[in-house]
>>> print(open('target.pdb').read())   # PDB, C-alpha atoms and all ligand atoms
ATOM      1  CA  MET A   1      -1.194  -1.332  48.319  1.00  0.00           C
ATOM      2  CA  CYS A   2      -1.184   1.915  50.339  1.00  0.00           C
ATOM      3  CA  THR A   3      -0.168   4.586  47.831  1.00  0.00           C
ATOM      4  CA  ARG A   4      -0.472   7.614  50.165  1.00  0.00           C
ATOM      5  CA  SER A   5       2.511   6.663  52.332  1.00  0.00           C
ATOM      6  CA  LEU A   6       4.644   6.617  49.188  1.00  0.00           C
ATOM      7  CA  ARG A   7       4.599  10.414  48.809  1.00  0.00           C
ATOM      8  CA  PRO A   8       8.164  11.035  50.130  1.00  0.00           C
ATOM      9  CA  PHE A   9       9.443   8.529  47.565  1.00  0.00           C
ATOM     10  CA  ARG A  10       7.454  10.192  44.770  1.00  0.00           C
ATOM     11  CA  VAL A  11       9.234  13.412  45.676  1.00  0.00           C
ATOM     12  CA  LYS A  12      12.607  11.647  45.298  1.00  0.00           C
ATOM     13  CA  VAL A  13      11.715  10.115  41.908  1.00  0.00           C
ATOM     14  CA  ALA A  14      10.559  13.481  40.558  1.00  0.00           C
ATOM     15  CA  GLN A  15      13.748  15.126  41.877  1.00  0.00           C
ATOM     16  CA  ALA A  16      15.885  12.435  40.220  1.00  0.00           C
ATOM     17  CA  TYR A  17      14.121  12.939  36.890  1.00  0.00           C
ATOM     18  CA  ARG A  18      14.627  16.700  37.034  1.00  0.00           C
ATOM     19  CA  TRP A  19      18.284  16.201  37.987  1.00  0.00           C
ATOM     20  CA  LEU A  20      18.766  14.134  34.787  1.00  0.00           C
ATOM     21  CA  GLY A  21      17.231  16.947  32.745  1.00  0.00           C
ATOM     22  CA  ALA A  22      19.237  19.678  34.452  1.00  0.00           C
ATOM     23  CA  HIS A  23      22.448  17.700  33.792  1.00  0.00           C
ATOM     24  CA  GLY A  24      21.707  17.138  30.100  1.00  0.00           C
ATOM     25  CA  LEU A  25      21.226  13.366  30.384  1.00  0.00           C
ATOM     26  CA  ILE A  26      17.645  13.558  29.134  1.00  0.00           C
ATOM     27  CA  THR A  27      15.702  16.023  26.981  1.00  0.00           C
ATOM     28  CA  GLY A  28      11.942  16.487  27.026  1.00  0.00           C
ATOM     29  CA  SER A  29      10.459  13.201  28.253  1.00  0.00           C
ATOM     30  CA  SER A  30      13.067  11.050  26.518  1.00  0.00           C
ATOM     31  CA  GLY A  31      14.073   9.010  29.528  1.00  0.00           C
ATOM     32  CA  ASN A  32      12.505   7.601  32.658  1.00  0.00           C
ATOM     33  CA  VAL A  33      13.227   6.767  36.285  1.00  0.00           C
ATOM     34  CA  SER A  34      11.820   4.174  38.659  1.00  0.00           C
ATOM     35  CA  LEU A  35      12.251   3.345  42.329  1.00  0.00           C
ATOM     36  CA  ARG A  36      11.175   0.171  44.070  1.00  0.00           C
ATOM     37  CA  VAL A  37       9.637   0.614  47.499  1.00  0.00           C
ATOM     38  CA  GLY A  38       8.547  -2.710  48.966  1.00  0.00           C
ATOM     39  CA  ASP A  39       6.201  -4.296  46.422  1.00  0.00           C
ATOM     40  CA  ALA A  40       5.560  -0.967  44.654  1.00  0.00           C
ATOM     41  CA  ILE A  41       7.416   0.568  41.736  1.00  0.00           C
ATOM     42  CA  LEU A  42       7.240   4.352  41.438  1.00  0.00           C
ATOM     43  CA  ILE A  43       7.864   5.488  37.870  1.00  0.00           C
ATOM     44  CA  THR A  44       7.893   8.703  35.878  1.00  0.00           C
ATOM     45  CA  PRO A  45       4.895   9.372  33.613  1.00  0.00           C
ATOM     46  CA  THR A  46       4.855   9.002  29.846  1.00  0.00           C
ATOM     47  CA  GLY A  47       5.206  12.029  27.645  1.00  0.00           C
ATOM     48  CA  VAL A  48       5.651  14.709  30.317  1.00  0.00           C
ATOM     49  CA  PRO A  49       8.735  16.949  29.893  1.00  0.00           C
ATOM     50  CA  TRP A  50      11.153  16.668  32.805  1.00  0.00           C
ATOM     51  CA  GLU A  51      10.654  20.299  33.897  1.00  0.00           C
ATOM     52  CA  GLU A  52       6.947  19.590  34.467  1.00  0.00           C
ATOM     53  CA  VAL A  53       7.300  16.408  36.516  1.00  0.00           C
ATOM     54  CA  GLY A  54       6.567  16.780  40.239  1.00  0.00           C
ATOM     55  CA  PRO A  55       5.561  14.204  42.867  1.00  0.00           C
ATOM     56  CA  GLY A  56       1.936  14.319  41.677  1.00  0.00           C
ATOM     57  CA  GLU A  57       2.920  13.004  38.239  1.00  0.00           C
ATOM     58  CA  ILE A  58       4.741   9.915  39.519  1.00  0.00           C
ATOM     59  CA  VAL A  59       2.816   6.702  38.813  1.00  0.00           C
ATOM     60  CA  THR A  60       2.593   3.664  41.115  1.00  0.00           C
ATOM     61  CA  LEU A  61       2.853   0.155  39.682  1.00  0.00           C
ATOM     62  CA  ASP A  62       2.929  -3.255  41.261  1.00  0.00           C
ATOM     63  CA  LEU A  63       5.456  -5.898  40.226  1.00  0.00           C
ATOM     64  CA  ALA A  64       3.058  -7.168  37.547  1.00  0.00           C
ATOM     65  CA  GLY A  65       3.077  -3.701  35.984  1.00  0.00           C
ATOM     66  CA  ARG A  66      -0.508  -2.827  36.996  1.00  0.00           C
ATOM     67  CA  VAL A  67      -1.199   0.846  37.752  1.00  0.00           C
ATOM     68  CA  HIS A  68      -2.403   1.670  41.276  1.00  0.00           C
ATOM     69  CA  GLY A  69      -4.035   5.058  41.592  1.00  0.00           C
ATOM     70  CA  ARG A  70      -3.901   7.465  38.674  1.00  0.00           C
ATOM     71  CA  GLY A  71      -1.613   8.386  35.815  1.00  0.00           C
ATOM     72  CA  PHE A  72      -0.008   6.801  32.784  1.00  0.00           C
ATOM     73  CA  PRO A  73       3.422   5.241  33.351  1.00  0.00           C
ATOM     74  CA  SER A  74       6.435   5.635  31.071  1.00  0.00           C
ATOM     75  CA  SER A  75       6.091   3.665  27.864  1.00  0.00           C
ATOM     76  CA  GLU A  76       9.216   1.812  29.069  1.00  0.00           C
ATOM     77  CA  TRP A  77       7.456   0.470  32.176  1.00  0.00           C
ATOM     78  CA  ARG A  78       8.089  -3.117  31.017  1.00  0.00           C
ATOM     79  CA  LEU A  79      11.842  -2.456  30.963  1.00  0.00           C
ATOM     80  CA  HIS A  80      11.711  -1.121  34.534  1.00  0.00           C
ATOM     81  CA  VAL A  81       9.430  -3.880  35.849  1.00  0.00           C
ATOM     82  CA  ALA A  82      11.583  -6.600  34.276  1.00  0.00           C
ATOM     83  CA  ILE A  83      14.775  -5.227  35.859  1.00  0.00           C
ATOM     84  CA  HIS A  84      13.158  -4.802  39.288  1.00  0.00           C
ATOM     85  CA  ARG A  85      11.878  -8.372  39.109  1.00  0.00           C
ATOM     86  CA  ALA A  86      15.245  -9.781  38.024  1.00  0.00           C
ATOM     87  CA  ARG A  87      17.541  -7.809  40.334  1.00  0.00           C
ATOM     88  CA  THR A  88      16.688  -7.879  44.031  1.00  0.00           C
ATOM     89  CA  ASP A  89      19.833  -5.814  44.739  1.00  0.00           C
ATOM     90  CA  VAL A  90      18.505  -2.977  42.557  1.00  0.00           C
ATOM     91  CA  ARG A  91      16.130  -0.344  43.931  1.00  0.00           C
ATOM     92  CA  ALA A  92      16.478   2.332  41.236  1.00  0.00           C
ATOM     93  CA  VAL A  93      16.494   2.149  37.434  1.00  0.00           C
ATOM     94  CA  VAL A  94      17.387   5.075  35.172  1.00  0.00           C
ATOM     95  CA  HIS A  95      16.867   5.021  31.401  1.00  0.00           C
ATOM     96  CA  THR A  96      18.356   7.861  29.368  1.00  0.00           C
ATOM     97  CA  HIS A  97      19.003   8.815  25.776  1.00  0.00           C
ATOM     98  CA  SER A  98      22.148  10.691  26.821  1.00  0.00           C
ATOM     99  CA  PRO A  99      23.911  11.720  23.599  1.00  0.00           C
ATOM    100  CA  TYR A 100      27.342  10.024  23.694  1.00  0.00           C
ATOM    101  CA  ALA A 101      26.025   6.762  25.161  1.00  0.00           C
ATOM    102  CA  THR A 102      23.134   6.713  22.699  1.00  0.00           C
ATOM    103  CA  ALA A 103      25.428   7.484  19.767  1.00  0.00           C
ATOM    104  CA  PHE A 104      27.540   4.508  20.793  1.00  0.00           C
ATOM    105  CA  ALA A 105      24.446   2.338  21.292  1.00  0.00           C
ATOM    106  CA  CYS A 106      23.537   3.103  17.669  1.00  0.00           C
ATOM    107  CA  LEU A 107      26.703   1.255  16.643  1.00  0.00           C
ATOM    108  CA  GLY A 108      25.270  -1.848  18.300  1.00  0.00           C
ATOM    109  CA  ARG A 109      28.623  -2.696  19.934  1.00  0.00           C
ATOM    110  CA  ALA A 110      29.841  -2.944  23.531  1.00  0.00           C
ATOM    111  CA  LEU A 111      31.402   0.281  24.821  1.00  0.00           C
ATOM    112  CA  PRO A 112      35.060  -0.125  25.900  1.00  0.00           C
ATOM    113  CA  VAL A 113      35.672   1.387  29.349  1.00  0.00           C
ATOM    114  CA  LEU A 114      39.018   3.207  29.236  1.00  0.00           C
ATOM    115  CA  PRO A 115      39.576   4.981  32.610  1.00  0.00           C
ATOM    116  CA  ASP A 116      40.503   2.952  35.695  1.00  0.00           C
ATOM    117  CA  GLU A 117      37.714   4.589  37.709  1.00  0.00           C
ATOM    118  CA  GLY A 118      35.182   3.504  35.094  1.00  0.00           C
ATOM    119  CA  LYS A 119      36.533  -0.043  35.112  1.00  0.00           C
ATOM    120  CA  ILE A 120      35.913  -0.252  38.872  1.00  0.00           C
ATOM    121  CA  LEU A 121      32.253   0.627  38.280  1.00  0.00           C
ATOM    122  CA  PHE A 122      31.548  -1.119  34.998  1.00  0.00           C
ATOM    123  CA  GLY A 123      34.301  -3.623  34.224  1.00  0.00           C
ATOM    124  CA  SER A 124      36.213  -3.487  30.937  1.00  0.00           C
ATOM    125  CA  GLU A 125      33.178  -2.832  28.735  1.00  0.00           C
ATOM    126  CA  ILE A 126      29.508  -1.912  28.902  1.00  0.00           C
ATOM    127  CA  PRO A 127      27.509  -4.450  26.874  1.00  0.00           C
ATOM    128  CA  VAL A 128      24.802  -3.673  24.386  1.00  0.00           C
ATOM    129  CA  ALA A 129      21.495  -5.529  24.546  1.00  0.00           C
ATOM    130  CA  GLU A 130      20.128  -7.200  21.460  1.00  0.00           C
ATOM    131  CA  HIS A 131      17.867  -4.866  19.517  1.00  0.00           C
ATOM    132  CA  ALA A 132      14.093  -4.823  20.045  1.00  0.00           C
ATOM    133  CA  PRO A 133      11.433  -2.125  19.528  1.00  0.00           C
ATOM    134  CA  PRO A 134      11.022   0.463  22.329  1.00  0.00           C
ATOM    135  CA  GLY A 135       8.421  -0.274  24.970  1.00  0.00           C
ATOM    136  CA  THR A 136       8.239  -4.036  24.350  1.00  0.00           C
ATOM    137  CA  TRP A 137       8.712  -7.055  26.605  1.00  0.00           C
ATOM    138  CA  GLU A 138      11.284  -8.204  24.056  1.00  0.00           C
ATOM    139  CA  LEU A 139      13.380  -5.097  24.751  1.00  0.00           C
ATOM    140  CA  ALA A 140      12.937  -5.620  28.498  1.00  0.00           C
ATOM    141  CA  HIS A 141      14.060  -9.244  28.202  1.00  0.00           C
ATOM    142  CA  HIS A 142      17.154  -8.431  26.125  1.00  0.00           C
ATOM    143  CA  ALA A 143      18.102  -5.638  28.546  1.00  0.00           C
ATOM    144  CA  VAL A 144      17.843  -7.952  31.577  1.00  0.00           C
ATOM    145  CA  VAL A 145      19.967 -10.611  29.857  1.00  0.00           C
ATOM    146  CA  ALA A 146      22.716  -8.167  28.800  1.00  0.00           C
ATOM    147  CA  LEU A 147      22.647  -6.280  32.115  1.00  0.00           C
ATOM    148  CA  ALA A 148      23.050  -9.522  34.115  1.00  0.00           C
ATOM    149  CA  ASP A 149      24.603  -8.408  37.439  1.00  0.00           C
ATOM    150  CA  ARG A 150      26.125  -5.191  36.022  1.00  0.00           C
ATOM    151  CA  ARG A 151      25.445  -1.517  36.781  1.00  0.00           C
ATOM    152  CA  ALA A 152      24.751  -0.396  33.211  1.00  0.00           C
ATOM    153  CA  VAL A 153      23.821  -1.577  29.749  1.00  0.00           C
ATOM    154  CA  LEU A 154      23.308   0.016  26.337  1.00  0.00           C
ATOM    155  CA  LEU A 155      20.099  -0.494  24.348  1.00  0.00           C
ATOM    156  CA  SER A 156      20.924  -0.999  20.683  1.00  0.00           C
ATOM    157  CA  HIS A 157      19.891   1.996  18.517  1.00  0.00           C
ATOM    158  CA  HIS A 158      18.052   3.450  21.500  1.00  0.00           C
ATOM    159  CA  GLY A 159      19.834   4.595  24.671  1.00  0.00           C
ATOM    160  CA  ALA A 160      21.223   3.516  28.009  1.00  0.00           C
ATOM    161  CA  VAL A 161      20.129   1.997  31.319  1.00  0.00           C
ATOM    162  CA  ALA A 162      21.840   2.415  34.677  1.00  0.00           C
ATOM    163  CA  VAL A 163      20.820   0.783  37.948  1.00  0.00           C
ATOM    164  CA  GLY A 164      21.734   1.032  41.601  1.00  0.00           C
ATOM    165  CA  PRO A 165      20.761   0.180  45.161  1.00  0.00           C
ATOM    166  CA  THR A 166      19.519   3.779  45.594  1.00  0.00           C
ATOM    167  CA  LEU A 167      18.400   6.584  43.285  1.00  0.00           C
ATOM    168  CA  ARG A 168      21.626   8.435  44.040  1.00  0.00           C
ATOM    169  CA  HIS A 169      23.717   5.464  42.892  1.00  0.00           C
ATOM    170  CA  ALA A 170      21.641   4.926  39.734  1.00  0.00           C
ATOM    171  CA  LEU A 171      21.994   8.618  38.800  1.00  0.00           C
ATOM    172  CA  LEU A 172      25.734   8.469  39.395  1.00  0.00           C
ATOM    173  CA  HIS A 173      26.003   5.369  37.204  1.00  0.00           C
ATOM    174  CA  ALA A 174      23.986   7.061  34.428  1.00  0.00           C
ATOM    175  CA  GLU A 175      26.294  10.090  34.614  1.00  0.00           C
ATOM    176  CA  LYS A 176      29.427   7.904  34.613  1.00  0.00           C
ATOM    177  CA  LEU A 177      28.121   5.871  31.691  1.00  0.00           C
ATOM    178  CA  GLU A 178      27.702   9.032  29.632  1.00  0.00           C
ATOM    179  CA  GLU A 179      31.193  10.200  30.692  1.00  0.00           C
ATOM    180  CA  THR A 180      32.624   6.807  29.691  1.00  0.00           C
ATOM    181  CA  ALA A 181      31.131   7.112  26.205  1.00  0.00           C
ATOM    182  CA  ARG A 182      32.335  10.726  25.870  1.00  0.00           C
ATOM    183  CA  LEU A 183      35.873   9.784  26.948  1.00  0.00           C
ATOM    184  CA  PHE A 184      35.962   6.921  24.465  1.00  0.00           C
ATOM    185  CA  PHE A 185      34.893   9.310  21.709  1.00  0.00           C
ATOM    186  CA  LEU A 186      37.613  11.809  22.702  1.00  0.00           C
ATOM    187  CA  ALA A 187      40.320   9.161  23.144  1.00  0.00           C
ATOM    188  CA  SER A 188      39.532   7.648  19.761  1.00  0.00           C
ATOM    189  CA  GLY A 189      39.785  11.074  18.159  1.00  0.00           C
ATOM    190  CA  GLY A 190      36.133  10.933  17.160  1.00  0.00           C
ATOM    191  CA  MET A 191      37.064   8.162  14.749  1.00  0.00           C
ATOM    192  CA  VAL A 192      34.687   5.556  16.182  1.00  0.00           C
ATOM    193  CA  ARG A 193      33.006   5.056  12.815  1.00  0.00           C
ATOM    194  CA  SER A 194      36.257   4.077  11.153  1.00  0.00           C
ATOM    195  CA  THR A 195      36.335   0.902  13.232  1.00  0.00           C
ATOM    196  CA  PHE A 196      32.609   0.124  13.371  1.00  0.00           C
ATOM    197  CA  THR A 197      29.859  -0.245  10.828  1.00  0.00           C
ATOM    198  CA  VAL A 198      26.779   1.824  11.686  1.00  0.00           C
TER     199      VAL A 198
HETATM  200  P1  LIG B   1       8.227   8.002  28.053  1.00  0.00           P
HETATM  201  O1  LIG B   1       7.902   9.473  27.921  1.00  0.00           O
HETATM  202  O2  LIG B   1       7.030   7.136  27.786  1.00  0.00           O
HETATM  203  O3  LIG B   1       8.929   7.685  29.353  1.00  0.00           O
HETATM  204  O4  LIG B   1       9.189   7.568  26.849  1.00  0.00           O
HETATM  205  C1  LIG B   1      10.431   8.079  26.649  1.00  0.00           C
HETATM  206  C2  LIG B   1      11.423   7.016  26.348  1.00  0.00           C
HETATM  207  O5  LIG B   1      12.474   7.026  26.922  1.00  0.00           O
HETATM  208  C3  LIG B   1      11.171   5.959  25.369  1.00  0.00           C
HETATM  209  O6  LIG B   1      12.284   5.113  25.269  1.00  0.00           O
END
>>> encode(input="target.pdb", output="structure tokens", more="lines below")
Ligand code: 13P
Amino acid sequence: MCTRSLRPFRVKVAQAYRWLGAHGLITGSSGNVSLRVGDAILITPTGVPWEEVGPGEIVTLDLAGRVHGRGFPSSEWRLHVAIHRARTDVRAVVHTHSPYATAFACLGRALPVLPDEGKILFGSEIPVAEHAPPGTWELAHHAVVALADRRAVLLSHHGAVAVGPTLRHALLHAEKLEETARLFFLASGGMVRSTFTV
């Protein structure tokens, strides 16, 4: 695998990660981004705050999850690899702990999509994957199953995943997912807990 020619794509992954931070969808290093380029997956590093991630920090994996070159990939690399393997239409995967979506994911229930615009993107609800510990193949498997052919999925008691054919689309879907959760909270008068058991 030639990793040097991937530099322009590393720049894009780092930019996407910083965009998530600047828009409040991630804090610190609590989220990760990957982009598939041919048989390579470029992924954000583990444990590096978003403000400090540049192209040099982006890690290259193959589709088996092996690191090529240097660096330590996100602890959620299995989640990213599993989605890239399962979805040939997907080029970019974004995992966030954005607050409204994550709060809803902690209820362990599918998120109803209320606005028409959201329904066009996500359908009538955004499912929640069965719970599994962070960073495991079990989590990756449950996420792939619940995501199916959709653009977004919640991870029970954890966060959210959005995907797209490009980084721009995946970022948009992550932003819209958070907006969907915020709108549900507002429309329900913040009374979500009265109808769900945490
Ligand atoms: P990383 O810093 O390893 O990407 O972990 C953050 C995270 O999102 C765990 O779910």
>>> resolve_selection(input="target.pdb", expression="the PyMOL selection byres (((chain A and resi 10) around 12) and not hetatm)", output="MDAnalysis selection string")
chainID A and resid 3:9 11:17 33:37 40:45 53:60 167
>>> residues_near_ligand(input="target.pdb", ligand="ligand LIG 1 (chain B)", cutoff="6 Å", atoms="all atoms listed in the file", output="list of chain:residue names")
A:Ser29, A:Ser30, A:Gly31, A:Asn32, A:Thr46, A:Gly47, A:Ser74, A:Ser75, A:Glu76, A:Pro134
>>> resolve_selection(input="target.pdb", expression="the PyMOL selection byres (((chain A and resi 136) around 12) and not hetatm)", output="MDAnalysis selection string")
chainID A and resid 74:82 131:135 137:143
>>> closest_residue(input="target.pdb", among="A:Thr88, A:Thr166, A:Ser188, A:Thr27", to="Pro112 (chain A)", atoms="all atoms listed in the file")
A:Ser188
>>> atom_distance(input="target.pdb", atom1="CA of Pro165 (chain A)", atom2="CA of Val144 (chain A)")
16.1 Å
>>> closest_residue(input="target.pdb", among="A:Ala86, A:Glu125, A:Asp39, A:His157", to="Pro99 (chain A)", atoms="only C-alpha atoms")
A:His157
>>> resolve_selection(input="target.pdb", expression="the PyMOL selection byres (((chain A and resi 170) around 9) and not hetatm)", output="count of residues only")
20
>>> residues_around(input="target.pdb", residues="Thr96 (chain A)", least_positions_apart="3", cutoff="6 Å", atoms="all atoms listed in the file", output="list in words")
Ile26, Gly31, Gly159 and Ala160 of chain A
>>> write_last_selection(input="target.pdb", atoms="C-alpha atoms", output="short mmCIF file (atom, residue, chain, number, x, y, z; two decimals), in the coordinates of the input")
data_model
loop_
_atom_site.label_atom_id
_atom_site.label_comp_id
_atom_site.auth_asym_id
_atom_site.auth_seq_id
_atom_site.Cartn_x
_atom_site.Cartn_y
_atom_site.Cartn_z
CA ILE A 26 17.64 13.56 29.13
CA GLY A 31 14.07 9.01 29.53
CA GLY A 159 19.83 4.60 24.67
CA ALA A 160 21.22 3.52 28.01
#
>>> residues_around(input="target.pdb", residues="Leu114 (chain A)", least_positions_apart="6", cutoff="12 Å", atoms="only C-alpha atoms", output="ChimeraX atom specification")
/A:120-126,176-177,179-188
>>> atom_distance(input="target.pdb", atom1="CA of Val48 (chain A)", atom2="CA of Arg18 (chain A)")
11.4 Å
>>> atom_distance(input="target.pdb", atom1="CA of Gly108 (chain A)", atom2="CA of Ala129 (chain A)")
8.2 Å
>>> residues_around(input="target.pdb", residues="Leu25 (chain A)", least_positions_apart="4", cutoff="7 Å", atoms="all atoms listed in the file", output="number ranges by chain")
A: 20-21, 96-98
>>> axis_aligned_box(input="target.pdb", around="region 94-103 of chain A", padding_each_side="8 Å", output="lines of an AutoDock Vina configuration file")
center_x = 22.1
center_y = 8.4
center_z = 27.5
size_x = 26.5
size_y = 22.7
size_z = 31.4
>>> closest_residue(input="target.pdb", among="A:Ala101, A:His68, A:Arg87, A:Gly190", to="Ala148 (chain A)", atoms="all atoms listed in the file")
A:Arg87
